[in-house]
Amino acid sequence: MDKYQDLSDEQLIEALRAGDKKIMDYILNKYKPLVLGKANAMYLIGGDTDDLIQEGMIGLFKAIRDYRVDRESSFFHFAELCINRQIYSAVEASNRKKHAPLNTYVSFYSQNGEEGKSLAETLPTDAMDNPEQMIINQESMQLFWENVKSRLSAMEREVLDEYLAGLNYKQIAEKMGKSPKAIDNALSRIKSKIR
């Protein structure tokens with residue numbers, strides 16, 4: 001790898017495209033500190049820094065793949081741009097609610113409820129056929145939510161209310177004057193208490 005130190009990034013890219021596959025590892029290692037710096041400066045809701053590092057390395061790989069030597073930009077600036085875009089795209093995607101159902105679900109079949117029953121076992125099967133059963137179910141659901149809310153702190157109740165109203169982590173954090181991480185932690189505690 002020492003033989004590559006005297007070559008410019010542009011020369012390394014040309015040699016890589018000429019068939020020297022060892023250069024790929026050299027460039028990835030050379031630019032990894034840049035990726036680490038960019039990843040550590042960002043926050044990913046529902047993820048961690050390792051996820052951002054992985055996204056940054058994907059951006060670096062794309063830069064190596066797509067860089068054109070005939071352009072006036074240096075490889076360093078192009079790589080920095082690709083890394084930033086990949087990380088920002090990941091952060092923006094995490095702020096959308098696209099994957100929220102997968103990240104926040106409570107299984108109908110987990111047996112963590114009261115009396116060792118799963119939620120699926122406690123839900124009625126013929127509620128729509130019987131008006132009396134519908135009223136009983138409404139009362140049961142109301143008791144369930146009262147029980148859940150009695151186990152939550154004041155902050156957790158407020159976070160849950162805002163979350164159920166359709167706000168995302170960032171919106172709840174802004175509204176409550178808290179960090180997105182604090183909101184993420186509160187939602188995690190709420191999920192575990194519901195289970």
# chains A, B, ... in the order shown; residues from 1 in each chain; ligands from 1

call {"tool": "residues_around", "arguments": {"residues": "Gly56 of chain A", "least_positions_apart": "6", "cutoff": "6 Å", "atoms": "only C-alpha atoms", "output": "PyMOL selection string"}}
result
chain A and resi 35+83+87

call {"tool": "closest_residue", "arguments": {"among": "A:Ile64, A:Arg71, A:Asp48, A:Gly59", "to": "Ala15 of chain A", "atoms": "only C-alpha atoms"}}
result
A:Ile64

call {"tool": "residues_around", "arguments": {"residues": "Ala186 of chain A", "least_positions_apart": "2", "cutoff": "9 Å", "atoms": "only C-alpha atoms", "output": "short mmCIF file (atom, residue, chain, number, x, y, z; two decimals) with C-alpha atoms, in the first residue's frame"}}
result
data_model
loop_
_atom_site.label_atom_id
_atom_site.label_comp_id
_atom_site.auth_asym_id
_atom_site.auth_seq_id
_atom_site.Cartn_x
_atom_site.Cartn_y
_atom_site.Cartn_z
CA MET A 155 -43.52 13.46 29.90
CA GLU A 156 -44.22 10.00 28.50
CA VAL A 159 -45.09 12.26 24.12
CA LEU A 160 -47.61 9.45 23.59
CA LYS A 181 -33.02 11.55 21.35
CA ALA A 182 -35.02 12.25 24.52
CA ILE A 183 -38.25 11.72 22.57
CA ASP A 184 -36.87 8.50 21.03
CA SER A 188 -38.93 3.22 23.71
CA ARG A 189 -39.92 3.30 27.39
CA ILE A 190 -43.58 3.65 26.43
CA LYS A 191 -43.39 0.62 24.11
#

call {"tool": "residues_around", "arguments": {"residues": "Ala41 of chain A", "least_positions_apart": "3", "cutoff": "12 Å", "atoms": "only C-alpha atoms", "output": "PyMOL selection string"}}
result
chain A and resi 34-38+44+48-49+52-53+56+84+87-88+91

call {"tool": "write_last_selection", "arguments": {"atoms": "N, CA, C and O atoms", "output": "PDB file, in the first residue's frame"}}
result
ATOM      1  N   LEU A  34     -12.601  10.917   7.000  1.00  0.00           N
ATOM      2  CA  LEU A  34     -13.549  11.932   6.530  1.00  0.00           C
ATOM      3  C   LEU A  34     -14.978  11.451   6.772  1.00  0.00           C
ATOM      4  O   LEU A  34     -15.830  12.198   7.264  1.00  0.00           O
ATOM      5  N   VAL A  35     -15.243  10.186   6.447  1.00  0.00           N
ATOM      6  CA  VAL A  35     -16.582   9.609   6.660  1.00  0.00           C
ATOM      7  C   VAL A  35     -16.921   9.630   8.146  1.00  0.00           C
ATOM      8  O   VAL A  35     -18.030  10.004   8.538  1.00  0.00           O
ATOM      9  N   LEU A  36     -15.986   9.229   9.004  1.00  0.00           N
ATOM     10  CA  LEU A  36     -16.228   9.205  10.449  1.00  0.00           C
ATOM     11  C   LEU A  36     -16.569  10.599  10.967  1.00  0.00           C
ATOM     12  O   LEU A  36     -17.487  10.760  11.780  1.00  0.00           O
ATOM     13  N   GLY A  37     -15.841  11.604  10.497  1.00  0.00           N
ATOM     14  CA  GLY A  37     -16.111  12.980  10.918  1.00  0.00           C
ATOM     15  C   GLY A  37     -17.495  13.446  10.518  1.00  0.00           C
ATOM     16  O   GLY A  37     -18.214  14.073  11.297  1.00  0.00           O
ATOM     17  N   LYS A  38     -17.890  13.129   9.297  1.00  0.00           N
ATOM     18  CA  LYS A  38     -19.219  13.529   8.811  1.00  0.00           C
ATOM     19  C   LYS A  38     -20.322  12.782   9.573  1.00  0.00           C
ATOM     20  O   LYS A  38     -21.337  13.359   9.934  1.00  0.00           O
ATOM     21  N   LEU A  44     -29.165  10.312  13.682  1.00  0.00           N
ATOM     22  CA  LEU A  44     -30.127   9.509  12.936  1.00  0.00           C
ATOM     23  C   LEU A  44     -31.172   8.971  13.899  1.00  0.00           C
ATOM     24  O   LEU A  44     -30.852   8.194  14.802  1.00  0.00           O
ATOM     25  N   ASP A  48     -27.994   4.574  14.853  1.00  0.00           N
ATOM     26  CA  ASP A  48     -26.826   5.013  15.591  1.00  0.00           C
ATOM     27  C   ASP A  48     -25.737   5.446  14.619  1.00  0.00           C
ATOM     28  O   ASP A  48     -25.919   5.433  13.407  1.00  0.00           O
ATOM     29  N   THR A  49     -24.611   5.853  15.168  1.00  0.00           N
ATOM     30  CA  THR A  49     -23.525   6.381  14.354  1.00  0.00           C
ATOM     31  C   THR A  49     -23.012   5.351  13.361  1.00  0.00           C
ATOM     32  O   THR A  49     -22.630   5.711  12.244  1.00  0.00           O
ATOM     33  N   LEU A  52     -24.806   5.620  10.173  1.00  0.00           N
ATOM     34  CA  LEU A  52     -24.372   6.775   9.380  1.00  0.00           C
ATOM     35  C   LEU A  52     -23.000   6.538   8.754  1.00  0.00           C
ATOM     36  O   LEU A  52     -22.748   6.972   7.628  1.00  0.00           O
ATOM     37  N   ILE A  53     -22.118   5.854   9.465  1.00  0.00           N
ATOM     38  CA  ILE A  53     -20.801   5.523   8.902  1.00  0.00           C
ATOM     39  C   ILE A  53     -20.982   4.631   7.683  1.00  0.00           C
ATOM     40  O   ILE A  53     -20.365   4.836   6.638  1.00  0.00           O
ATOM     41  N   GLY A  56     -22.144   6.716   4.878  1.00  0.00           N
ATOM     42  CA  GLY A  56     -21.036   7.518   4.371  1.00  0.00           C
ATOM     43  C   GLY A  56     -20.081   6.702   3.507  1.00  0.00           C
ATOM     44  O   GLY A  56     -19.592   7.188   2.476  1.00  0.00           O
ATOM     45  N   ASN A  84     -21.580  13.486   1.934  1.00  0.00           N
ATOM     46  CA  ASN A  84     -22.594  14.347   2.559  1.00  0.00           C
ATOM     47  C   ASN A  84     -23.993  14.019   2.055  1.00  0.00           C
ATOM     48  O   ASN A  84     -24.932  13.897   2.840  1.00  0.00           O
ATOM     49  N   ILE A  87     -25.295  10.662   3.488  1.00  0.00           N
ATOM     50  CA  ILE A  87     -25.639  10.756   4.912  1.00  0.00           C
ATOM     51  C   ILE A  87     -26.903  11.590   5.095  1.00  0.00           C
ATOM     52  O   ILE A  87     -27.810  11.211   5.846  1.00  0.00           O
ATOM     53  N   TYR A  88     -26.992  12.732   4.409  1.00  0.00           N
ATOM     54  CA  TYR A  88     -28.189  13.573   4.523  1.00  0.00           C
ATOM     55  C   TYR A  88     -29.433  12.828   4.046  1.00  0.00           C
ATOM     56  O   TYR A  88     -30.507  12.966   4.626  1.00  0.00           O
ATOM     57  N   VAL A  91     -30.510  10.554   6.833  1.00  0.00           N
ATOM     58  CA  VAL A  91     -31.124  11.304   7.934  1.00  0.00           C
ATOM     59  C   VAL A  91     -32.535  11.744   7.549  1.00  0.00           C
ATOM     60  O   VAL A  91     -33.477  11.617   8.331  1.00  0.00           O
TER      61      VAL A  91
END

call {"tool": "atom_distance", "arguments": {"atom1": "atom CA of Ala39 of chain A", "atom2": "atom CA of Arg85 of chain A"}}
result
11.6 Å

call {"tool": "residues_around", "arguments": {"residues": "Glu14 of chain A", "least_positions_apart": "4", "cutoff": "12 Å", "atoms": "only C-alpha atoms", "output": "number ranges by chain"}}
result
A: 7-10, 18-21, 23-24, 64-70, 75

call {"tool": "atom_distance", "arguments": {"atom1": "atom CA of Leu81 of chain A", "atom2": "atom CA of Lys62 of chain A"}}
result
10.6 Å
